[in-house]
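Asker: Coordinates in final-v2.tsv, TSV, C-alpha atoms, are listed below.
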```tsv
chain	number	residue	atom	x	y	z
X	1349	MET	CA	-92.83	-46.07	242.07
X	1350	THR	CA	-89.27	-47.31	241.55
X	1351	ALA	CA	-86.98	-44.79	239.87
X	1352	PRO	CA	-85.25	-45.80	236.61
X	1353	GLN	CA	-81.70	-47.10	236.95
X	1354	LEU	CA	-78.76	-46.17	234.74
X	1355	THR	CA	-76.15	-48.43	233.17
X	1356	VAL	CA	-73.39	-48.18	230.57
X	1357	ASP	CA	-72.52	-50.73	227.87
X	1358	CYS	CA	-69.41	-50.82	225.67
X	1359	VAL	CA	-69.12	-52.08	222.08
X	1360	VAL	CA	-65.38	-52.48	221.55
X	1361	PHE	CA	-64.09	-53.34	218.08
X	1362	GLY	CA	-60.72	-54.83	217.19
X	1363	LEU	CA	-59.08	-56.08	213.98
X	1364	ASP	CA	-57.28	-59.43	214.18
X	1365	GLU	CA	-54.25	-60.65	212.23
X	1366	ALA	CA	-56.52	-62.18	209.60
X	1367	ASP	CA	-58.15	-58.77	209.04
X	1368	GLN	CA	-61.43	-59.83	210.60
X	1369	LEU	CA	-63.41	-57.25	212.53
X	1370	LYS	CA	-64.06	-58.48	216.07
X	1371	VAL	CA	-66.20	-57.33	218.98
X	1372	LEU	CA	-65.38	-57.90	222.66
X	1373	LEU	CA	-67.98	-59.82	224.69
X	1374	ILE	CA	-68.24	-61.09	228.24
X	1375	GLN	CA	-70.06	-64.15	229.52
X	1376	ARG	CA	-72.36	-63.13	232.33
X	1377	GLN	CA	-71.96	-64.79	235.71
X	1378	LEU	CA	-75.10	-63.40	237.35
X	1379	GLN	CA	-78.81	-63.38	236.60
X	1380	PRO	CA	-80.51	-62.25	234.49
X	1381	PHE	CA	-79.05	-64.07	231.47
X	1382	ALA	CA	-76.46	-65.98	233.52
X	1383	GLU	CA	-73.94	-67.71	231.19
X	1384	ALA	CA	-75.18	-65.72	228.20
X	1385	TRP	CA	-72.82	-63.48	226.22
X	1386	ALA	CA	-73.22	-59.72	226.49
X	1387	LEU	CA	-71.46	-56.41	226.06
X	1388	PRO	CA	-69.15	-55.30	228.88
X	1389	GLY	CA	-71.01	-52.87	231.13
X	1390	GLY	CA	-72.83	-52.29	234.36
X	1391	PHE	CA	-74.49	-49.81	236.69
X	1392	VAL	CA	-73.21	-46.24	237.02
X	1393	HIS	CA	-71.97	-45.25	240.49
X	1394	LEU	CA	-73.31	-42.08	242.12
X	1395	ASP	CA	-69.84	-40.53	242.32
X	1396	GLU	CA	-68.68	-41.03	238.72
X	1397	SER	CA	-69.39	-39.61	235.28
X	1398	LEU	CA	-70.77	-41.72	232.45
X	1399	ASP	CA	-67.37	-41.79	230.74
X	1400	GLN	CA	-65.69	-42.90	233.96
X	1401	ALA	CA	-68.31	-45.62	234.45
X	1402	ALA	CA	-67.84	-46.95	230.90
X	1403	ARG	CA	-64.05	-47.12	231.23
X	1404	ARG	CA	-64.26	-48.67	234.69
X	1405	GLU	CA	-66.70	-51.38	233.66
X	1406	LEU	CA	-64.69	-52.20	230.54
X	1407	GLN	CA	-61.45	-52.50	232.50
X	1408	GLU	CA	-63.01	-54.41	235.40
X	1409	GLU	CA	-64.79	-57.00	233.26
X	1410	THR	CA	-62.24	-57.52	230.47
X	1411	GLY	CA	-58.93	-55.94	231.52
X	1412	VAL	CA	-59.03	-53.77	228.38
X	1413	GLU	CA	-58.33	-50.03	228.34
X	1414	THR	CA	-58.82	-48.04	225.17
X	1415	HIS	CA	-57.77	-44.58	224.05
X	1416	PHE	CA	-60.84	-44.20	221.84
X	1417	LEU	CA	-64.16	-44.64	223.64
X	1418	GLU	CA	-67.03	-42.45	222.47
X	1419	GLN	CA	-70.63	-42.14	223.58
X	1420	LEU	CA	-72.92	-43.81	221.06
X	1421	TYR	CA	-76.60	-43.55	222.01
X	1422	THR	CA	-79.03	-43.92	224.91
X	1423	PHE	CA	-81.25	-47.01	224.80
X	1424	GLY	CA	-84.35	-46.85	226.95
X	1425	THR	CA	-86.98	-49.28	225.71
X	1426	VAL	CA	-89.26	-49.95	228.68
X	1427	ASP	CA	-88.86	-53.73	228.69
X	1428	ARG	CA	-85.20	-53.96	227.68
X	1429	ASP	CA	-84.11	-55.32	231.10
X	1430	PRO	CA	-86.11	-57.94	233.06
X	1431	ARG	CA	-84.84	-56.45	236.37
X	1432	GLY	CA	-86.98	-53.35	235.88
X	1433	ARG	CA	-86.75	-49.91	234.31
X	1434	VAL	CA	-83.12	-49.64	233.24
X	1435	VAL	CA	-81.77	-47.08	230.78
X	1436	THR	CA	-78.34	-47.69	229.28
X	1437	VAL	CA	-75.90	-45.25	227.71
X	1438	ALA	CA	-73.89	-47.16	225.10
X	1439	TYR	CA	-70.31	-46.42	224.06
X	1440	TYR	CA	-68.21	-47.73	221.22
X	1441	GLY	CA	-64.45	-48.10	221.30
X	1442	LEU	CA	-61.58	-49.12	219.04
X	1443	VAL	CA	-58.42	-50.95	220.04
X	1444	ASN	CA	-55.40	-52.49	218.40
X	1445	LEU	CA	-56.32	-56.05	219.27
X	1446	ARG	CA	-52.68	-57.21	219.24
X	1447	ASP	CA	-51.86	-54.94	222.19
X	1448	HIS	CA	-54.61	-56.12	224.53
X	1449	THR	CA	-54.77	-59.30	226.59
X	1450	VAL	CA	-58.35	-60.03	227.61
X	1451	GLN	CA	-58.97	-61.22	231.14
X	1452	ALA	CA	-62.44	-61.69	232.65
X	1453	ALA	CA	-63.04	-60.44	236.19
X	1454	THR	CA	-65.70	-59.19	238.66
X	1455	ASP	CA	-69.12	-60.43	237.45
X	1456	ALA	CA	-67.85	-61.69	234.06
X	1457	ARG	CA	-67.27	-65.44	233.84
X	1458	ASP	CA	-65.34	-65.16	230.58
X	1459	ALA	CA	-64.29	-62.52	228.04
X	1460	GLN	CA	-63.51	-63.17	224.38
X	1461	TRP	CA	-63.22	-61.54	220.97
X	1462	PHE	CA	-65.91	-62.69	218.51
X	1463	ASP	CA	-66.07	-62.31	214.76
X	1464	LEU	CA	-68.92	-59.92	213.95
X	1465	SER	CA	-70.30	-62.38	211.41
X	1466	GLN	CA	-70.47	-65.17	214.02
X	1467	LEU	CA	-71.82	-63.58	217.17
X	1468	PRO	CA	-73.59	-65.80	219.72
X	1469	PRO	CA	-77.08	-64.85	220.93
X	1470	LEU	CA	-76.65	-61.76	223.11
X	1471	ALA	CA	-78.36	-60.82	226.38
X	1472	PHE	CA	-80.75	-57.87	226.75
X	1473	ASP	CA	-80.89	-55.70	223.59
X	1474	HIS	CA	-77.15	-55.98	223.03
X	1475	ALA	CA	-77.47	-57.35	219.49
X	1476	GLY	CA	-79.24	-54.16	218.45
X	1477	ILE	CA	-76.72	-51.98	220.28
X	1478	THR	CA	-73.85	-53.77	218.52
X	1479	GLU	CA	-75.45	-53.26	215.12
X	1480	TYR	CA	-76.03	-49.57	215.90
X	1481	ALA	CA	-72.36	-49.21	216.86
X	1482	LEU	CA	-71.23	-50.88	213.65
X	1483	GLN	CA	-73.29	-48.48	211.55
X	1484	ARG	CA	-71.81	-45.53	213.47
X	1485	LEU	CA	-68.30	-46.87	212.89
X	1486	ARG	CA	-68.94	-47.29	209.17
X	1487	ALA	CA	-70.19	-43.73	208.88
X	1488	LYS	CA	-67.55	-42.04	211.03
X	1489	ILE	CA	-64.53	-43.82	209.59
X	1490	ARG	CA	-65.24	-42.04	206.31
X	1491	TYR	CA	-64.90	-38.52	207.75
X	1492	GLU	CA	-62.59	-38.93	210.76
X	1493	PRO	CA	-59.31	-40.87	210.91
X	1494	ILE	CA	-60.46	-43.10	213.78
X	1495	GLY	CA	-59.52	-46.27	211.88
X	1496	PHE	CA	-55.87	-45.82	212.83
X	1497	GLU	CA	-56.83	-46.87	216.37
X	1498	LEU	CA	-57.28	-50.41	215.01
X	1499	LEU	CA	-53.82	-50.62	213.40
X	1500	PRO	CA	-50.36	-51.12	214.88
X	1501	PRO	CA	-48.27	-47.92	215.18
X	1502	LYS	CA	-46.45	-48.84	211.95
X	1503	PHE	CA	-48.50	-50.13	209.03
X	1504	THR	CA	-48.53	-50.46	205.26
X	1505	LEU	CA	-50.93	-48.81	202.84
X	1506	SER	CA	-52.26	-52.27	202.02
X	1507	GLN	CA	-53.12	-52.83	205.69
X	1508	LEU	CA	-54.85	-49.46	205.83
X	1509	GLN	CA	-56.85	-50.15	202.68
X	1510	ARG	CA	-57.83	-53.59	203.94
X	1511	LEU	CA	-59.09	-52.04	207.19
X	1512	TYR	CA	-61.46	-49.77	205.26
X	1513	GLU	CA	-62.62	-52.62	203.05
X	1514	VAL	CA	-63.38	-54.87	206.03
X	1515	ILE	CA	-65.30	-52.20	207.95
X	1516	LEU	CA	-67.21	-50.80	204.98
X	1517	GLY	CA	-67.79	-54.19	203.37
X	1518	VAL	CA	-66.77	-53.02	199.90
X	1519	ALA	CA	-63.80	-53.40	197.55
X	1520	ILE	CA	-61.73	-50.22	197.14
X	1521	ASP	CA	-59.67	-49.27	194.10
X	1522	LYS	CA	-56.02	-49.52	195.20
X	1523	ARG	CA	-54.66	-46.71	193.05
X	1524	ASN	CA	-57.33	-44.16	193.93
X	1525	PHE	CA	-57.21	-45.03	197.63
X	1526	ARG	CA	-53.45	-44.58	197.88
X	1527	LYS	CA	-53.54	-41.36	195.90
X	1528	ARG	CA	-56.24	-39.88	198.14
X	1529	ILE	CA	-54.63	-40.97	201.41
X	1530	LEU	CA	-51.14	-39.78	200.54
X	1531	LYS	CA	-52.45	-36.45	199.25
X	1532	MET	CA	-53.78	-35.68	202.74
X	1533	GLU	CA	-50.18	-35.67	204.06
X	1534	LEU	CA	-51.26	-37.31	207.31
X	1535	LEU	CA	-48.92	-40.30	207.02
X	1536	GLU	CA	-45.23	-40.21	207.81
X	1537	PRO	CA	-43.24	-42.56	205.52
X	1538	LEU	CA	-40.71	-44.54	207.54
X	1539	ASN	CA	-37.34	-45.84	206.44
X	1540	GLU	CA	-38.60	-49.33	207.18
X	1541	LYS	CA	-40.38	-52.21	205.46
X	1542	GLN	CA	-42.41	-55.15	206.64
X	1543	THR	CA	-40.53	-58.15	207.95
X	1544	GLY	CA	-41.46	-61.81	208.15
X	1545	VAL	CA	-44.01	-61.73	205.34
X	1546	ALA	CA	-44.33	-64.23	202.49
X	1547	HIS	CA	-45.15	-61.54	199.93
X	1548	ARG	CA	-43.15	-58.51	198.86
X	1549	ALA	CA	-42.41	-56.37	201.92
X	1550	GLY	CA	-44.39	-53.14	201.95
X	1551	GLN	CA	-43.30	-49.65	202.94
X	1552	LEU	CA	-44.25	-48.78	206.52
X	1553	TYR	CA	-46.03	-45.55	207.53
X	1554	ARG	CA	-47.10	-43.87	210.74
X	1555	PHE	CA	-50.19	-41.72	211.31
X	1556	GLN	CA	-49.48	-38.16	212.50
X	1557	PRO	CA	-52.28	-37.08	214.89
X	1558	GLU	CA	-50.62	-33.71	215.59
X	1559	ARG	CA	-50.59	-32.99	211.85
X	1560	TYR	CA	-54.28	-33.88	211.62
X	1561	GLN	CA	-55.17	-31.54	214.50
X	1562	GLN	CA	-53.17	-28.77	212.85
X	1563	LEU	CA	-54.96	-29.26	209.54
X	1564	GLN	CA	-58.34	-29.36	211.28
X	1565	ARG	CA	-57.78	-25.88	212.66
X	1566	SER	CA	-57.26	-24.61	209.14
X	1567	GLY	CA	-60.53	-26.14	207.87
X	1568	PHE	CA	-59.19	-29.45	206.55
X	1569	SER	CA	-61.84	-32.11	205.85
X	1570	PHE	CA	-60.90	-35.80	206.11
X	1571	GLU	CA	-62.84	-37.88	203.61
X	1572	VAL	CA	-62.27	-41.42	202.34
```
For the structure just supplied, provide its representation as structure tokens.
Answerer:
Amino acid sequence: MTAPQLTVDCVVFGLDEADQLKVLLIQRQLQPFAEAWALPGGFVHLDESLDQAARRELQEETGVETHFLEQLYTFGTVDRDPRGRVVTVAYYGLVNLRDHTVQAATDARDAQWFDLSQLPPLAFDHAGITEYALQRLRAKIRYEPIGFELLPPKFTLSQLQRLYEVILGVAIDKRNFRKRILKMELLEPLNEKQTGVAHRAGQLYRFQPERYQQLQRSGFSFEV
């Protein structure tokens, strides 16, 4: 009897300049599913942890490194991989898309960002994994400030609100959103405004992760 094999797969989200939520995919070079699009990932080496394997595969196949990469779920349907019994541990990550140049390598023929609403057919069970990751993101962004990973270091309140609207798929009241966010005292107002925009330049802010960690220790609850 052949022992089950272990892989990792990464669902990496990014937000483009048009405020569209994207996911990073690679085009497979090898069988099975040669030339099909899939999530970055691969087999776990004997001398590495799952986290190390996920980061290695992501960097090797796309050139992308992310600060936020969190374990999502283990997918082990018996027939999920035509090569045999393969269990995969999925991760989801968030990156500021503007800061990352994608470059395919190793067994990836190509690597590109795709709009979540226009994904190509995906290899294996990767469509289901992607949907699972999106639901996790939608839930977690409400109670942890992980959304800031998708923004540039300096951003406006309008950009922050738009991020939540895009991910959650709902319209948010501007006044109530700004009042709630500013009341948390997690944003540092900067003596700067947007430049090069056609509309009225907005005030720029910066997220304070140290402040958030300090508030957490005192029982603070982030909720949007």
Asker: Tell me, as number ranges by chain, which residues lie within 10 Å of Ala1519 of chain X, counting all atoms listed in the file; anything in the same chain fewer than 4 positions away does not count.
Answerer: X: 1509-1510, 1512-1514
Asker: So the first atom is atom CA of Ala1487 of chain X and the second is atom CA of His1448 of chain X; what is the distance between them in Å, to one decimal place?
Answerer: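 Taking atom CA of Ala1487 of chain X as the start and atom CA of His1448 of chain X as the end point, the length is 25.3 Å.
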Asker: Give the answer as one residue: which of X:Phe1391, X:Tyr1421, X:Tyr1560, X:Phe1525 has the shortest atom-to-atom distance to Glu1492 of chain X, using only C-alpha atoms?
Answerer: X:Tyr1560
Asker: For segment 1457-1469 of chain X, find every residue with an atom within 7 Å (counting all atoms listed in the file), except residues of its own chain fewer than 2 positions away, and show them as a VMD selection string.
Answerer: chain X and resid 1368 to 1377 1385 1410 1450 to 1453 1455 1471
Asker: For Gln1379 of chain X, which residue among X:Pro1352, X:Arg1403, X:Asp1429, X:Phe1416 is the nearest when counting only C-alpha atoms?
Answerer: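 With only C-alpha atoms as the atom set, the closest residue is X:Asp1429.
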Asker: Taking all atoms listed in the file into account, name the residue in X:Gln1419, X:Leu1505, X:Arg1523, X:Met1532 that is nearest to Gln1551 of chain X.
Answerer: X:Leu1505
Asker: Find the residues near Val1435 of chain X: any atom within 8 Å, counting all atoms listed in the file, skip ones fewer than 3 places away on the same chain, and give them as a PyMOL selection string.
Answerer: chain X and resi 1352-1355+1422-1425
Asker: For each of X:Arg1526, X:His1547, X:Arg1431, X:Arg1446, take the minimum atom-to-atom distance to Leu1498 of chain X, counting only C-alpha atoms, then give the residue where this is smallest.
Answerer: X:Arg1446
Asker: Identify which of the residues X:Gly1362, X:Gly1411, X:Pro1557, X:Gly1476 lies closest to Pro1493 of chain X, counting all atoms listed in the file when measuring atom-to-atom distances.
Answerer: X:Pro1557
Asker: For each of X:Ala1549, X:Ala1475, X:Ala1366, X:Ala1351, take the minimum atom-to-atom distance to Leu1387 of chain X, counting all atoms listed in the file, then give the residue where this is smallest.
Answerer: X:Ala1475
Asker: Give me the residues within 12 Å of Asp1447 of chain X as a list in words, counting all atoms listed in the file and dropping any in the same chain fewer than 6 places off.
Answerer: Gly1362, Leu1363, Asp1364, Glu1365, Gly1411, Val1412, Glu1413, Thr1414, Glu1497, Leu1498, Leu1499, Pro1500 and Pro1501 of chain X
Asker: Hey, could you patch up segment 1408-1429 of chain X with N, CA and C atoms and hand it over as an mmCIF file, in the frame of the given file?
Answerer:
```
data_model
loop_
_atom_site.group_PDB
_atom_site.id
_atom_site.type_symbol
_atom_site.label_atom_id
_atom_site.label_comp_id
_atom_site.auth_asym_id
_atom_site.auth_seq_id
_atom_site.Cartn_x
_atom_site.Cartn_y
_atom_site.Cartn_z
ATOM 1 N N GLU X 1408 -62.722 -53.427 234.356
ATOM 2 C CA GLU X 1408 -63.010 -54.410 235.400
ATOM 3 C C GLU X 1408 -63.424 -55.762 234.820
ATOM 4 N N GLU X 1409 -64.237 -55.748 233.781
ATOM 5 C CA GLU X 1409 -64.790 -57.000 233.260
ATOM 6 C C GLU X 1409 -63.915 -57.686 232.225
ATOM 7 N N THR X 1410 -63.033 -56.927 231.554
ATOM 8 C CA THR X 1410 -62.240 -57.520 230.470
ATOM 9 C C THR X 1410 -60.736 -57.262 230.596
ATOM 10 N N GLY X 1411 -60.332 -56.304 231.425
ATOM 11 C CA GLY X 1411 -58.930 -55.940 231.520
ATOM 12 C C GLY X 1411 -58.466 -55.020 230.404
ATOM 13 N N VAL X 1412 -59.382 -54.589 229.539
ATOM 14 C CA VAL X 1412 -59.030 -53.770 228.380
ATOM 15 C C VAL X 1412 -59.209 -52.288 228.693
ATOM 16 N N GLU X 1413 -58.232 -51.489 228.292
ATOM 17 C CA GLU X 1413 -58.330 -50.030 228.340
ATOM 18 C C GLU X 1413 -58.125 -49.521 226.926
ATOM 19 N N THR X 1414 -58.914 -48.551 226.526
ATOM 20 C CA THR X 1414 -58.820 -48.040 225.170
ATOM 21 C C THR X 1414 -58.713 -46.527 225.143
ATOM 22 N N HIS X 1415 -57.918 -46.031 224.221
ATOM 23 C CA HIS X 1415 -57.770 -44.580 224.050
ATOM 24 C C HIS X 1415 -59.042 -43.988 223.462
ATOM 25 N N PHE X 1416 -59.642 -44.706 222.510
ATOM 26 C CA PHE X 1416 -60.840 -44.200 221.840
ATOM 27 C C PHE X 1416 -62.076 -44.889 222.391
ATOM 28 N N LEU X 1417 -62.883 -44.154 223.132
ATOM 29 C CA LEU X 1417 -64.160 -44.640 223.640
ATOM 30 C C LEU X 1417 -65.129 -43.473 223.597
ATOM 31 N N GLU X 1418 -66.138 -43.578 222.748
ATOM 32 C CA GLU X 1418 -67.030 -42.450 222.470
ATOM 33 C C GLU X 1418 -68.478 -42.830 222.741
ATOM 34 N N GLN X 1419 -69.223 -41.885 223.293
ATOM 35 C CA GLN X 1419 -70.630 -42.140 223.580
ATOM 36 C C GLN X 1419 -71.399 -42.358 222.280
ATOM 37 N N LEU X 1420 -72.221 -43.386 222.267
ATOM 38 C CA LEU X 1420 -72.920 -43.810 221.060
ATOM 39 C C LEU X 1420 -74.384 -43.368 221.031
ATOM 40 N N TYR X 1421 -75.157 -43.806 222.029
ATOM 41 C CA TYR X 1421 -76.600 -43.550 222.010
ATOM 42 C C TYR X 1421 -77.172 -44.014 223.354
ATOM 43 N N THR X 1422 -78.338 -43.493 223.695
ATOM 44 C CA THR X 1422 -79.030 -43.920 224.910
ATOM 45 C C THR X 1422 -80.196 -44.827 224.534
ATOM 46 N N PHE X 1423 -80.216 -46.014 225.106
ATOM 47 C CA PHE X 1423 -81.250 -47.010 224.800
ATOM 48 C C PHE X 1423 -82.164 -47.142 226.021
ATOM 49 N N GLY X 1424 -83.452 -46.885 225.811
ATOM 50 C CA GLY X 1424 -84.350 -46.850 226.950
ATOM 51 C C GLY X 1424 -85.684 -47.524 226.739
ATOM 52 N N THR X 1425 -85.737 -48.538 225.876
ATOM 53 C CA THR X 1425 -86.980 -49.280 225.710
ATOM 54 C C THR X 1425 -87.453 -49.801 227.073
ATOM 55 N N VAL X 1426 -88.721 -49.655 227.343
ATOM 56 C CA VAL X 1426 -89.260 -49.950 228.680
ATOM 57 C C VAL X 1426 -88.940 -51.361 229.156
ATOM 58 N N ASP X 1427 -89.034 -52.345 228.271
ATOM 59 C CA ASP X 1427 -88.860 -53.730 228.690
ATOM 60 C C ASP X 1427 -87.496 -54.307 228.307
ATOM 61 N N ARG X 1428 -86.502 -53.477 228.145
ATOM 62 C CA ARG X 1428 -85.200 -53.960 227.680
ATOM 63 C C ARG X 1428 -84.445 -54.762 228.747
ATOM 64 N N ASP X 1429 -84.817 -54.632 230.021
ATOM 65 C CA ASP X 1429 -84.110 -55.320 231.100
ATOM 66 C C ASP X 1429 -85.143 -55.951 232.029
#
```
